[in-house]
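Structure data (compact mmCIF, C-alpha atoms) from final_18.txt:
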```
# COMPACT_ATOMS: atom_id res chain seq x y z
CA MET A 1258 0.00 0.00 0.00
CA LEU A 1259 2.84 2.38 0.84
CA ARG A 1260 4.34 1.71 -2.59
CA MET A 1261 1.09 2.92 -4.15
CA LEU A 1262 1.41 6.17 -2.21
CA LYS A 1263 4.87 6.82 -3.66
CA PRO A 1264 4.38 8.86 -6.84
CA ASN A 1265 6.36 8.15 -10.02
CA ALA A 1266 9.45 10.27 -10.53
CA ILE A 1267 8.89 13.61 -12.25
CA ILE A 1268 11.10 14.23 -15.26
CA LEU A 1269 10.88 17.17 -17.56
CA HIS A 1270 10.46 16.88 -21.33
CA LYS A 1271 13.20 15.80 -23.73
CA THR A 1272 14.37 17.45 -26.92
CA ARG A 1273 13.83 15.98 -30.38
CA PRO A 1274 17.38 14.58 -30.71
CA GLN A 1275 17.05 12.91 -27.28
CA VAL A 1276 13.66 11.43 -28.22
CA GLY A 1277 15.20 10.21 -31.48
CA GLN A 1278 17.97 8.46 -29.57
CA GLU A 1279 15.45 6.83 -27.22
CA ILE A 1280 13.40 5.54 -30.16
CA GLN A 1281 16.57 4.12 -31.69
CA ALA A 1282 17.29 2.37 -28.40
CA CYS A 1283 13.77 0.87 -28.06
CA ILE A 1284 13.87 -2.93 -28.28
CA GLY A 1285 10.13 -3.23 -29.02
CA CYS A 1286 9.24 -5.44 -26.05
CA ASN A 1287 5.78 -3.79 -25.60
CA GLU A 1288 6.21 -3.56 -21.80
CA CYS A 1289 5.40 0.18 -21.79
CA ILE A 1290 2.15 -0.31 -23.71
CA LEU A 1291 1.12 -3.18 -21.45
CA ALA A 1292 1.67 -0.99 -18.38
CA CYS A 1293 -0.21 1.98 -19.83
CA PRO A 1294 -3.68 2.69 -18.39
CA ALA A 1295 -4.47 5.10 -21.26
CA VAL A 1296 -4.13 2.82 -24.27
CA ALA A 1297 -7.58 1.51 -25.17
CA GLU A 1298 -7.09 -0.22 -28.52
CA PRO A 1299 -4.44 -2.56 -29.90
CA ILE A 1300 -1.50 -0.64 -31.35
CA THR A 1301 1.98 -1.87 -32.14
CA ILE A 1302 5.16 -0.40 -30.73
CA ASP A 1303 6.69 -0.19 -34.23
CA MET A 1304 3.80 1.94 -35.40
CA LEU A 1305 4.12 4.16 -32.34
CA ASN A 1306 7.88 4.60 -32.75
CA ARG A 1307 7.56 5.31 -36.47
CA GLU A 1308 4.91 7.99 -36.02
CA THR A 1309 6.39 9.65 -32.95
CA LEU A 1310 9.09 11.73 -34.64
CA SER A 1311 7.91 12.43 -38.17
CA GLY A 1312 5.42 11.58 -40.88
CA SER A 1313 1.67 11.38 -40.65
CA ILE A 1314 -0.08 10.33 -37.45
CA SER A 1315 -2.72 7.62 -37.79
CA ALA A 1316 -6.06 7.90 -35.96
CA PRO A 1317 -5.35 5.18 -33.32
CA ILE A 1318 -1.98 6.75 -32.45
CA ALA A 1319 -3.58 10.23 -32.29
CA ARG A 1320 -6.27 8.88 -29.93
CA PHE A 1321 -3.62 7.23 -27.77
CA ALA A 1322 -1.51 10.41 -27.66
CA ARG A 1323 -4.51 12.47 -26.58
CA ALA A 1324 -5.47 9.90 -23.94
CA CYS A 1325 -1.95 9.71 -22.45
CA TYR A 1326 -1.92 11.63 -19.17
CA GLN A 1327 1.80 11.50 -18.48
CA CYS A 1328 1.45 9.38 -15.33
CA GLY A 1329 4.85 7.77 -15.89
CA ALA A 1330 3.56 4.19 -15.46
CA CYS A 1331 5.41 3.21 -18.65
CA VAL A 1332 8.86 4.20 -17.36
CA ALA A 1333 9.44 1.64 -14.61
CA PRO A 1334 8.69 -1.53 -16.69
CA CYS A 1335 11.08 -0.59 -19.55
CA PRO A 1336 13.97 -3.07 -19.50
CA VAL A 1337 16.35 -0.58 -21.14
CA GLY A 1338 15.33 2.42 -19.01
CA LEU A 1339 13.70 4.54 -21.69
CA HIS A 1340 11.15 7.28 -21.06
CA ARG A 1341 8.10 6.50 -23.15
CA ASP A 1342 6.26 9.41 -21.50
CA ALA A 1343 8.80 11.83 -23.03
CA MET A 1344 8.25 10.21 -26.43
CA MET A 1345 4.48 10.50 -26.01
CA LEU A 1346 4.89 14.15 -25.04
CA TRP A 1347 6.74 14.79 -28.29
CA LEU A 1348 3.85 13.15 -30.13
CA LYS A 1349 1.46 15.45 -28.24
CA VAL A 1350 3.55 18.49 -29.24
CA ARG A 1351 3.30 17.37 -32.87
CA LEU A 1352 -0.47 16.94 -32.55
CA LEU A 1353 -0.79 20.40 -31.00
CA SER A 1354 1.29 21.92 -33.80
CA MET A 1355 -0.82 20.13 -36.41
CA GLY A 1356 -3.98 21.45 -34.76
CA ALA A 1357 -2.56 24.99 -34.77
CA GLU A 1358 -1.64 24.71 -38.45
CA GLU A 1359 -5.14 23.56 -39.36
CA MET B 674 -18.42 10.55 -33.01
CA ASN B 675 -16.00 9.06 -35.51
CA LYS B 676 -15.21 12.50 -36.89
CA LEU B 677 -14.18 13.67 -33.42
CA SER B 678 -12.14 10.51 -32.87
CA ASP B 679 -10.23 10.79 -36.13
CA LYS B 680 -9.35 14.44 -35.67
CA LYS B 681 -5.57 14.74 -35.85
CA GLY B 682 -5.13 17.86 -33.72
CA TYR B 683 -5.18 18.22 -29.96
CA PRO B 684 -8.29 20.28 -29.07
CA TRP B 685 -9.31 21.14 -25.51
CA PHE B 686 -12.52 19.16 -25.83
CA PHE B 687 -12.25 15.85 -27.61
CA LEU B 688 -14.33 12.71 -27.37
CA ASP B 689 -12.56 9.47 -28.19
CA ALA B 690 -15.31 7.07 -27.18
CA MET B 691 -13.87 3.57 -27.23
CA PRO B 692 -16.03 0.39 -26.98
CA SER B 693 -14.93 -0.43 -23.41
CA TRP B 694 -15.80 3.11 -22.30
CA ILE B 695 -19.26 2.88 -23.90
CA ASN B 696 -19.86 -0.57 -22.34
CA THR B 697 -18.95 0.49 -18.83
CA TRP B 698 -21.05 3.65 -18.94
CA THR B 699 -24.02 1.68 -20.29
CA VAL B 700 -23.68 -0.83 -17.43
CA THR B 701 -23.34 2.01 -14.89
CA ILE B 702 -26.51 3.71 -16.09
CA CYS B 703 -28.42 0.40 -16.20
CA ILE B 704 -27.44 -0.54 -12.60
CA ILE B 705 -28.35 2.94 -11.34
CA LEU B 706 -31.75 2.75 -13.09
CA VAL B 707 -32.44 -0.75 -11.70
CA CYS B 708 -31.56 0.37 -8.16
CA ALA B 709 -33.70 3.51 -8.44
CA LEU B 710 -36.58 1.39 -9.74
CA SER B 711 -36.16 -1.12 -6.89
CA LEU B 712 -36.39 1.71 -4.36
CA PHE B 713 -39.52 2.99 -6.06
CA VAL B 714 -41.13 -0.50 -5.98
CA TYR B 715 -40.06 -1.12 -2.35
CA SER B 716 -41.50 2.21 -1.23
CA ARG B 717 -44.86 1.16 -2.78
CA PHE B 718 -45.06 -2.05 -0.74
CA SER B 719 -43.39 -1.12 2.55
CA THR B 720 -43.50 1.76 4.99
CA ASP B 721 -40.17 0.87 6.67
CA LEU B 722 -37.88 3.24 4.82
CA SER B 723 -34.86 3.21 7.09
CA PRO B 724 -31.20 2.11 6.73
CA ASP B 725 -31.87 -0.90 9.03
CA SER B 726 -34.82 -2.19 7.00
CA LEU B 727 -34.60 -5.20 4.67
CA ALA B 728 -34.02 -2.95 1.65
CA GLY B 729 -31.55 -0.87 3.66
CA TYR B 730 -29.42 -3.91 4.51
CA SER B 731 -29.63 -5.12 0.90
CA TYR B 732 -28.41 -1.76 -0.38
CA ALA B 733 -25.65 -1.74 2.24
CA ILE B 734 -24.39 -5.19 1.21
CA ILE B 735 -24.61 -4.50 -2.54
CA GLY B 736 -23.04 -1.04 -2.18
CA SER B 737 -20.16 -2.37 -0.07
CA THR B 738 -19.59 -5.16 -2.61
CA PHE B 739 -19.31 -2.63 -5.42
CA MET B 740 -16.99 -0.54 -3.27
CA LEU B 741 -14.71 -3.55 -2.75
CA LEU B 742 -14.88 -4.44 -6.45
CA ALA B 743 -13.93 -0.87 -7.40
CA THR B 744 -10.91 -0.99 -5.12
CA PHE B 745 -9.53 -4.47 -5.55
CA LEU B 746 -10.29 -5.39 -9.19
CA TYR B 747 -8.29 -2.46 -10.51
CA THR B 748 -5.46 -3.02 -8.02
CA ARG B 749 -5.34 -6.72 -8.99
CA THR B 750 -5.14 -5.87 -12.71
CA ARG B 751 -2.37 -3.37 -12.04
CA LYS B 752 -0.38 -5.94 -10.08
CA SER B 753 -0.99 -8.71 -12.60
CA HIS B 754 1.97 -9.69 -14.80
CA ARG B 755 -0.18 -11.25 -17.53
CA ARG B 756 -1.83 -8.32 -19.18
CA LYS B 757 -3.14 -7.59 -22.66
CA ILE B 758 -2.90 -4.26 -24.43
CA GLY B 759 -5.84 -2.12 -23.32
CA GLN B 760 -6.75 -4.35 -20.37
CA LEU B 761 -5.62 -1.78 -17.81
CA ASN B 762 -7.73 0.90 -19.50
CA ALA B 763 -10.79 -1.35 -19.48
CA SER B 764 -10.12 -2.12 -15.82
CA LEU B 765 -9.89 1.61 -15.06
CA ASN B 766 -13.27 2.12 -16.76
CA TRP B 767 -14.80 -0.61 -14.58
CA HIS B 768 -13.17 0.98 -11.52
CA ILE B 769 -15.02 4.23 -12.32
CA CYS B 770 -18.26 2.36 -13.02
CA PHE B 771 -18.17 0.42 -9.72
CA GLY B 772 -17.19 3.54 -7.76
CA ILE B 773 -20.16 5.54 -9.06
CA VAL B 774 -22.57 2.63 -8.55
CA ALA B 775 -21.26 2.04 -4.99
CA MET B 776 -21.77 5.69 -4.10
CA PHE B 777 -25.29 5.71 -5.52
CA ILE B 778 -26.37 2.48 -3.77
CA LEU B 779 -24.87 3.55 -0.44
CA PHE B 780 -26.73 6.83 -0.86
CA LEU B 781 -29.95 4.80 -1.26
CA HIS B 782 -28.97 2.82 1.86
CA SER B 783 -29.08 6.06 3.87
CA PHE B 784 -32.76 6.63 2.89
CA GLY B 785 -32.20 10.34 3.40
CA ASN B 786 -31.04 9.98 7.03
CA PHE B 787 -28.07 12.23 7.49
CA ASN B 788 -27.77 12.22 11.28
CA PRO B 789 -24.28 12.94 12.56
CA ARG B 790 -23.44 9.25 13.01
CA SER B 791 -20.76 6.91 11.72
CA GLY B 792 -22.79 5.90 8.61
CA THR B 793 -23.20 9.50 7.47
CA TYR B 794 -19.46 10.11 7.80
CA ALA B 795 -18.75 6.91 5.84
CA LEU B 796 -21.14 8.10 3.11
CA TYR B 797 -19.49 11.52 3.03
CA GLY B 798 -16.13 9.76 2.67
CA MET B 799 -17.50 7.75 -0.26
CA ILE B 800 -18.92 10.87 -1.95
CA GLY B 801 -15.58 12.64 -1.44
CA LEU B 802 -13.75 9.66 -2.88
CA VAL B 803 -15.89 9.53 -6.04
CA LEU B 804 -15.65 13.30 -6.44
CA SER B 805 -11.86 13.17 -6.11
CA GLY B 806 -11.83 10.44 -8.78
CA PHE B 807 -14.00 12.58 -11.06
CA ILE B 808 -11.74 15.63 -10.57
CA GLY B 809 -8.71 13.38 -11.11
CA ARG B 810 -10.10 12.24 -14.46
CA GLN B 811 -10.61 15.87 -15.50
CA ILE B 812 -7.04 16.65 -14.43
CA ASP B 813 -5.83 13.68 -16.49
CA ARG B 814 -7.71 15.05 -19.46
CA PHE B 815 -6.85 18.76 -19.40
CA VAL B 816 -3.51 19.06 -17.59
CA PRO B 817 -1.47 17.00 -20.12
CA ARG B 818 -2.57 19.42 -22.84
CA GLN B 819 -1.38 22.27 -20.64
CA ILE B 820 1.95 20.45 -20.19
CA THR B 821 2.22 20.12 -23.97
CA GLN B 822 1.68 23.85 -24.40
CA GLU B 823 4.39 24.64 -21.86
CA VAL B 824 6.79 22.18 -23.52
CA LYS B 825 6.10 23.79 -26.88
CA LYS B 826 7.24 27.09 -25.38
CA ALA B 827 10.43 25.48 -24.10
CA LEU B 828 11.34 23.91 -27.46
CA THR B 829 12.24 25.45 -30.77
CA GLU B 830 10.36 24.63 -33.99
CA GLN B 831 12.99 21.99 -34.71
CA GLY B 832 12.54 20.47 -31.25
CA ASP B 833 15.79 21.76 -29.74
CA ASP B 834 16.16 23.27 -26.32
CA ARG B 835 15.15 26.93 -26.47
CA ILE B 836 17.27 27.81 -23.41
CA GLU B 837 20.40 26.67 -25.26
CA LEU B 838 19.43 28.78 -28.26
CA ILE B 839 18.82 31.86 -26.12
CA SER B 840 22.10 31.30 -24.25
CA ARG B 841 23.95 31.18 -27.57
CA ASN B 842 22.25 34.39 -28.73
CA VAL B 843 23.10 36.16 -25.48
CA GLN B 844 26.69 35.00 -25.75
CA ASP B 845 26.86 36.33 -29.31
CA ILE B 846 25.44 39.70 -28.26
CA VAL B 847 27.84 39.97 -25.33
CA SER B 848 30.88 39.01 -27.41
CA TYR B 849 29.82 41.45 -30.17
CA ASN B 850 29.51 44.29 -27.68
CA THR B 851 32.75 43.34 -25.95
CA GLN B 852 34.53 43.49 -29.29
CA ASN B 853 33.06 46.91 -29.98
CA LEU B 854 34.04 48.19 -26.56
CA SER B 855 37.56 46.82 -26.86
CA ALA B 856 37.81 48.39 -30.32
CA PHE B 857 37.02 51.80 -28.83
CA PRO B 858 40.36 52.55 -27.03
CA ALA B 859 42.31 51.13 -29.97
CA ASN B 860 40.88 53.75 -32.37
CA ALA B 861 40.87 56.62 -29.93
CA PRO B 862 43.86 57.70 -27.84
CA ALA B 863 44.29 56.02 -24.46
CA PRO B 864 42.72 57.91 -21.54
CA THR B 865 46.07 58.08 -19.76
CA LYS B 866 47.42 60.10 -22.62
CA ALA B 867 44.49 62.44 -22.47
CA THR B 868 45.04 63.34 -18.84
CA ARG B 869 48.74 63.86 -19.33
CA PRO B 870 49.88 67.50 -19.66
CA LEU B 871 50.43 68.57 -23.21
CA PRO B 872 53.93 68.02 -24.47
CA ASN B 873 56.10 70.92 -25.31
CA THR B 874 56.01 69.94 -28.94
CA VAL B 875 52.45 71.21 -29.22
CA ALA B 876 53.56 74.75 -28.56
CA ALA B 877 56.96 74.32 -30.00
CA SER B 878 55.88 75.88 -33.28
CA ASN B 879 55.31 79.18 -31.55
CA PRO B 880 57.43 79.31 -28.40
CA ILE B 881 57.29 82.34 -26.13
CA SER B 882 60.51 83.06 -24.33
CA ILE B 883 60.65 84.89 -21.02
CA ARG B 884 64.18 85.36 -19.80
CA GLY B 885 65.30 82.46 -21.90
CA THR B 886 62.63 80.00 -20.56
CA SER B 887 60.38 78.38 -23.12
CA LEU B 888 56.62 78.43 -22.26
CA PRO B 889 53.90 76.40 -23.96
CA GLY B 890 51.44 78.19 -26.21
CA SER B 891 48.49 77.44 -23.92
CA TRP B 892 50.06 79.64 -21.27
CA ASP B 893 48.47 82.49 -23.10
CA ILE B 894 44.79 82.60 -22.11
CA ALA B 895 43.86 84.13 -25.42
CA TYR B 896 45.46 81.25 -27.27
CA ILE B 897 42.88 78.75 -28.57
CA SER B 898 44.07 76.15 -30.96
CA LEU B 899 41.66 75.11 -33.70
CA GLU B 900 43.49 71.82 -33.97
CA GLU B 901 41.67 68.73 -32.67
CA THR B 902 43.11 67.87 -29.27
CA PRO B 903 43.70 64.22 -28.36
CA GLN B 904 40.90 64.33 -25.75
CA GLU B 905 38.29 65.22 -28.31
CA ILE B 906 36.27 62.62 -30.18
CA SER B 907 34.52 63.41 -33.37
CA ARG B 908 30.77 63.71 -32.97
CA TYR B 909 30.31 61.62 -36.09
CA SER B 910 32.64 58.83 -35.10
CA GLN B 911 31.06 55.47 -34.14
CA GLN B 912 32.52 55.57 -30.66
CA TYR B 913 30.50 58.65 -29.82
CA ARG B 914 27.61 56.50 -28.64
CA PHE B 915 29.75 55.03 -25.89
CA VAL B 916 29.91 58.32 -24.03
CA PRO B 917 26.25 59.40 -23.82
CA ASP B 918 25.06 62.10 -21.45
CA LYS B 919 22.61 61.26 -18.66
CA LYS B 920 19.53 62.40 -20.57
CA SER B 921 20.43 60.55 -23.73
CA ALA B 922 18.45 57.49 -24.76
CA LEU B 923 21.77 55.71 -24.91
CA ALA B 924 22.11 56.05 -21.15
CA THR B 925 19.16 53.70 -20.58
CA PRO B 926 20.11 50.20 -19.40
CA GLY B 927 20.59 47.81 -22.27
CA ALA B 928 21.02 50.51 -24.90
CA LEU B 929 24.58 49.44 -25.45
CA MET B 930 23.49 45.79 -25.88
CA PRO B 931 20.61 45.84 -28.33
CA GLY B 932 18.52 42.64 -28.18
CA TYR B 933 20.02 41.51 -24.87
CA ASN B 934 16.99 42.42 -22.75
CA GLN B 935 14.59 40.69 -25.14
CA GLN B 936 16.68 37.54 -24.95
CA ILE B 937 16.72 37.64 -21.15
CA GLU B 938 12.94 38.15 -21.18
CA GLN B 939 12.51 35.11 -23.44
CA LEU B 940 14.77 33.11 -21.14
CA GLN B 941 12.60 34.02 -18.15
CA ASN B 942 9.46 33.01 -20.11
CA VAL B 943 10.97 29.60 -20.87
CA GLN B 944 12.03 29.16 -17.24
CA HIS B 945 8.48 29.95 -16.10
CA ALA B 946 7.13 27.45 -18.66
CA LEU B 947 9.45 24.78 -17.22
CA GLN B 948 8.30 25.56 -13.69
CA ARG B 949 4.67 25.27 -14.76
CA GLU B 950 5.38 21.98 -16.53
CA GLN B 951 6.89 20.59 -13.34
CA PHE B 952 3.90 21.82 -11.31
CA TYR B 953 1.40 20.19 -13.67
CA ARG B 954 3.28 16.90 -13.59
CA ALA B 955 3.34 17.00 -9.80
CA LEU B 956 -0.41 17.78 -9.78
CA ILE B 957 -1.19 14.63 -11.81
CA ARG B 958 0.95 12.44 -9.55
CA TYR B 959 -0.03 13.88 -6.16
CA TRP B 960 -3.75 13.95 -6.95
CA ARG B 961 -3.47 10.17 -7.34
CA VAL B 962 -1.81 9.96 -3.91
CA PHE B 963 -4.61 12.11 -2.48
CA HIS B 964 -7.20 9.76 -4.03
CA ILE B 965 -5.51 6.72 -2.43
CA LEU B 966 -5.42 8.49 0.94
CA LEU B 967 -9.16 9.14 0.59
CA VAL B 968 -9.66 5.40 -0.09
CA LEU B 969 -7.92 4.63 3.20
CA LEU B 970 -10.02 7.23 5.03
CA THR B 971 -13.28 5.90 3.53
CA PHE B 972 -12.35 2.33 4.44
CA GLY B 973 -11.60 3.46 7.99
CA LEU B 974 -14.94 5.25 8.27
CA THR B 975 -16.80 2.26 6.78
CA ILE B 976 -15.18 -0.15 9.26
CA TRP B 977 -16.08 2.23 12.10
CA HIS B 978 -19.68 2.27 10.82
CA LEU B 979 -19.75 -1.55 10.54
CA VAL B 980 -18.48 -1.91 14.14
CA TYR B 981 -21.07 0.63 15.32
CA ALA B 982 -23.88 -1.15 13.42
CA GLY B 983 -22.65 -4.53 14.67
CA GLN B 984 -22.83 -3.35 18.29
CA LEU B 985 -26.47 -2.43 17.74
CA LEU B 986 -27.44 -5.45 15.62
CA ILE B 987 -25.74 -8.41 17.32
CA PRO B 988 -27.53 -8.04 20.74
CA THR B 989 -30.87 -7.62 18.89
CA PHE B 990 -30.18 -10.71 16.78
CA PHE B 991 -29.33 -12.87 19.85
CA ARG B 992 -32.41 -11.63 21.74
CA HIS B 993 -34.62 -13.12 19.02
```
Could you express the structure from this file as structure tokens?
Amino acid sequence: MLRMLKPNAIILHKTRPQVGQEIQACIGCNECILACPAVAEPITIDMLNRETLSGSISAPIARFARACYQCGACVAPCPVGLHRDAMMLWLKVRLLSMGAEE
Amino acid sequence: MNKLSDKKGYPWFFLDAMPSWINTWTVTICIILVCALSLFVYSRFSTDLSPDSLAGYSYAIIGSTFMLLATFLYTRTRKSHRRKIGQLNASLNWHICFGIVAMFILFLHSFGNFNPRSGTYALYGMIGLVLSGFIGRQIDRFVPRQITQEVKKALTEQGDDRIELISRNVQDIVSYNTQNLSAFPANAPAPTKATRPLPNTVAASNPISIRGTSLPGSWDIAYISLEETPQEISRYSQQYRFVPDKKSALATPGALMPGYNQQIEQLQNVQHALQREQFYRALIRYWRVFHILLVLLTFGLTIWHLVYAGQLLIPTFFRH
């Protein structure tokens, strides 16, 4: 119970080059997606990694990015210590920019 | 609905209604309607509308069961190592559904009796818990967008750190101004020379001799040379702006470093954005801790109420 009371560590955002490095380092084990309480439909980690940095964003990934509430639940299960929340935040920034352009 | 779901932007108000979300809300509404209907039917056939009536006990048992389901099903799914993608989200939806249903049924259990007793406090705890969950969901929905806006301020269009960019600009401005300032004494004569008395050579062209002693030309008060003295700087020279008078616009702070103040202002804006980002992240995390603390408080109040009710019920039960 006391473990539940301990909040996840707060990290600030990462820059695009840092996010790019993290995506390169992702081994695609799906642990972050399994631990995520925001993902509501089946998506693949490859799809997520591909659409995070550049290119078009598909509807399921856009829905997932909007639903992500940056709780940090995805950070602890990652076997290589990556910050999926920072990657999702970059996706959110892209969505926000796309919305502003429209 | 699909149009809203497929929208690529990130609006303040969006509705991504997924099947599990629709299912759980349908079930929630159905259970609430059935319970309300049961109360209506019971009130038609019985006059005993109190928390310790048959219907009151039924509501208490069902409401407590939903309360336990809301707490432990979600916790069990979170702790489980065999999960599917989306299972945790579905479990969270059921957690919300059971929480709302539990609050509603326990409210029916009270039958409108809000005496200052243990049961009322337990019900208030439950209402507070559901409200904190509702507020938490709104925080989870709106605060991440706010975080994204702050992050956008802290990053450049290319996604680089804006603080680094501003630092580089400031460094460039400072080095540019330093170069200009250091160029100033090189073009103009050194100040030490300016304060030195004029050499004899200045007046040597027209020496005045008194008893064989040579005197400089400036000794004569009427003598004014039209030649430019070393102390003078041309009004039109570039260095003129480095010696403004007090009333000049150049005397204002930052006038000698154009663009520096704007850069510092931008830097402060980015720093404030970072502080706000950190605050919003802390809000999301600590609201969850607050919600868990409310769970503990509500459980404590419910146990207190059960002990209180047990002390009243058990002697009555054994008497019969």
Please report, as a tab-separated table, each residue of segment 1259-1351 of chain A lying at most 7 Å from segment 760-766 of chain B, together with the nearest pair of atoms and the separation in Å rounded to one decimal; use only C-alpha atoms, and order rows by chain and ascending residue number.
```
residue	atom	partner	partner_atom	distance
A:Cys1293	CA	B:Leu761	CA	6.9
A:Pro1294	CA	B:Asn762	CA	4.6
A:Ala1295	CA	B:Asn762	CA	5.6
A:Val1296	CA	B:Asn762	CA	6.3
A:Ala1297	CA	B:Asn762	CA	5.7
```
Coordinates-based distance that separates atom CA of Val1337 of chain A from atom CA of Arg749 of chain B (Å, one decimal):
25.6 Å
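A straight line drawn from atom CA of His964 of chain B to atom CA of Ile1268 of chain A is 21.9 Å long.
Each of B:Leu727, B:Gly736, B:Gly806, B:Lys757 was compared to Cys1289 of chain A using all atoms listed in the file, and B:Lys757 turns out to be the nearest.
Closest to chain A among B:Tyr797, B:Tyr981, B:Trp960, B:Tyr730 is B:Trp960, based on only C-alpha atoms.
Distance check against Gly1285 of chain A using only C-alpha atoms: of A:Leu1348, A:Leu1353, A:Cys1328, A:Cys1335, the minimum falls on A:Cys1335.
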Pull segment 812-818 of chain B out of the block and emit all heavy atoms, as a PDB file, in the first residue's frame.
```
ATOM      1  N   ILE B 812      -8.453  16.225 -14.449  1.00  0.00           N
ATOM      2  CA  ILE B 812      -7.036  16.650 -14.432  1.00  0.00           C
ATOM      3  C   ILE B 812      -6.264  15.857 -15.481  1.00  0.00           C
ATOM      4  O   ILE B 812      -5.480  16.415 -16.248  1.00  0.00           O
ATOM      5  CB  ILE B 812      -6.430  16.449 -13.015  1.00  0.00           C
ATOM      6  CG1 ILE B 812      -6.983  17.500 -12.052  1.00  0.00           C
ATOM      7  CG2 ILE B 812      -4.906  16.515 -13.043  1.00  0.00           C
ATOM      8  CD1 ILE B 812      -6.590  17.292 -10.607  1.00  0.00           C
ATOM      9  N   ASP B 813      -6.520  14.543 -15.517  1.00  0.00           N
ATOM     10  CA  ASP B 813      -5.829  13.682 -16.489  1.00  0.00           C
ATOM     11  C   ASP B 813      -6.164  14.068 -17.930  1.00  0.00           C
ATOM     12  O   ASP B 813      -5.419  13.768 -18.850  1.00  0.00           O
ATOM     13  CB  ASP B 813      -6.223  12.216 -16.274  1.00  0.00           C
ATOM     14  CG  ASP B 813      -5.629  11.656 -15.002  1.00  0.00           C
ATOM     15  OD1 ASP B 813      -4.755  12.321 -14.428  1.00  0.00           O
ATOM     16  OD2 ASP B 813      -6.047  10.562 -14.578  1.00  0.00           O
ATOM     17  N   ARG B 814      -7.280  14.701 -18.107  1.00  0.00           N
ATOM     18  CA  ARG B 814      -7.709  15.053 -19.457  1.00  0.00           C
ATOM     19  C   ARG B 814      -7.156  16.422 -19.897  1.00  0.00           C
ATOM     20  O   ARG B 814      -6.685  16.561 -21.014  1.00  0.00           O
ATOM     21  CB  ARG B 814      -9.248  15.087 -19.468  1.00  0.00           C
ATOM     22  CG  ARG B 814      -9.872  15.077 -20.827  1.00  0.00           C
ATOM     23  CD  ARG B 814     -11.375  15.014 -20.649  1.00  0.00           C
ATOM     24  NE  ARG B 814     -12.046  15.263 -21.903  1.00  0.00           N
ATOM     25  CZ  ARG B 814     -12.289  14.342 -22.815  1.00  0.00           C
ATOM     26  NH1 ARG B 814     -11.895  13.112 -22.624  1.00  0.00           N
ATOM     27  NH2 ARG B 814     -12.927  14.653 -23.926  1.00  0.00           N
ATOM     28  N   PHE B 815      -7.207  17.386 -19.004  1.00  0.00           N
ATOM     29  CA  PHE B 815      -6.851  18.760 -19.402  1.00  0.00           C
ATOM     30  C   PHE B 815      -5.400  19.141 -19.093  1.00  0.00           C
ATOM     31  O   PHE B 815      -4.808  19.908 -19.834  1.00  0.00           O
ATOM     32  CB  PHE B 815      -7.801  19.772 -18.743  1.00  0.00           C
ATOM     33  CG  PHE B 815      -9.215  19.646 -19.247  1.00  0.00           C
ATOM     34  CD1 PHE B 815     -10.227  19.165 -18.438  1.00  0.00           C
ATOM     35  CD2 PHE B 815      -9.527  19.995 -20.554  1.00  0.00           C
ATOM     36  CE1 PHE B 815     -11.522  19.025 -18.909  1.00  0.00           C
ATOM     37  CE2 PHE B 815     -10.822  19.857 -21.034  1.00  0.00           C
ATOM     38  CZ  PHE B 815     -11.815  19.372 -20.214  1.00  0.00           C
ATOM     39  N   VAL B 816      -4.866  18.637 -17.986  1.00  0.00           N
ATOM     40  CA  VAL B 816      -3.512  19.064 -17.589  1.00  0.00           C
ATOM     41  C   VAL B 816      -2.433  18.601 -18.585  1.00  0.00           C
ATOM     42  O   VAL B 816      -1.521  19.375 -18.884  1.00  0.00           O
ATOM     43  CB  VAL B 816      -3.225  18.626 -16.129  1.00  0.00           C
ATOM     44  CG1 VAL B 816      -1.780  18.839 -15.749  1.00  0.00           C
ATOM     45  CG2 VAL B 816      -4.120  19.420 -15.190  1.00  0.00           C
ATOM     46  N   PRO B 817      -2.499  17.376 -19.134  1.00  0.00           N
ATOM     47  CA  PRO B 817      -1.474  16.995 -20.120  1.00  0.00           C
ATOM     48  C   PRO B 817      -1.428  17.936 -21.332  1.00  0.00           C
ATOM     49  O   PRO B 817      -0.356  18.180 -21.879  1.00  0.00           O
ATOM     50  CB  PRO B 817      -1.881  15.585 -20.547  1.00  0.00           C
ATOM     51  CG  PRO B 817      -2.615  15.052 -19.402  1.00  0.00           C
ATOM     52  CD  PRO B 817      -3.356  16.214 -18.831  1.00  0.00           C
ATOM     53  N   ARG B 818      -2.572  18.472 -21.722  1.00  0.00           N
ATOM     54  CA  ARG B 818      -2.570  19.422 -22.837  1.00  0.00           C
ATOM     55  C   ARG B 818      -1.843  20.707 -22.426  1.00  0.00           C
ATOM     56  O   ARG B 818      -1.116  21.304 -23.203  1.00  0.00           O
ATOM     57  CB  ARG B 818      -4.008  19.737 -23.268  1.00  0.00           C
ATOM     58  CG  ARG B 818      -4.053  20.436 -24.606  1.00  0.00           C
ATOM     59  CD  ARG B 818      -5.454  20.805 -24.991  1.00  0.00           C
ATOM     60  NE  ARG B 818      -5.474  21.390 -26.315  1.00  0.00           N
ATOM     61  CZ  ARG B 818      -5.163  22.639 -26.583  1.00  0.00           C
ATOM     62  NH1 ARG B 818      -4.797  23.437 -25.606  1.00  0.00           N
ATOM     63  NH2 ARG B 818      -5.191  23.090 -27.815  1.00  0.00           N
TER      64      ARG B 818
END
```
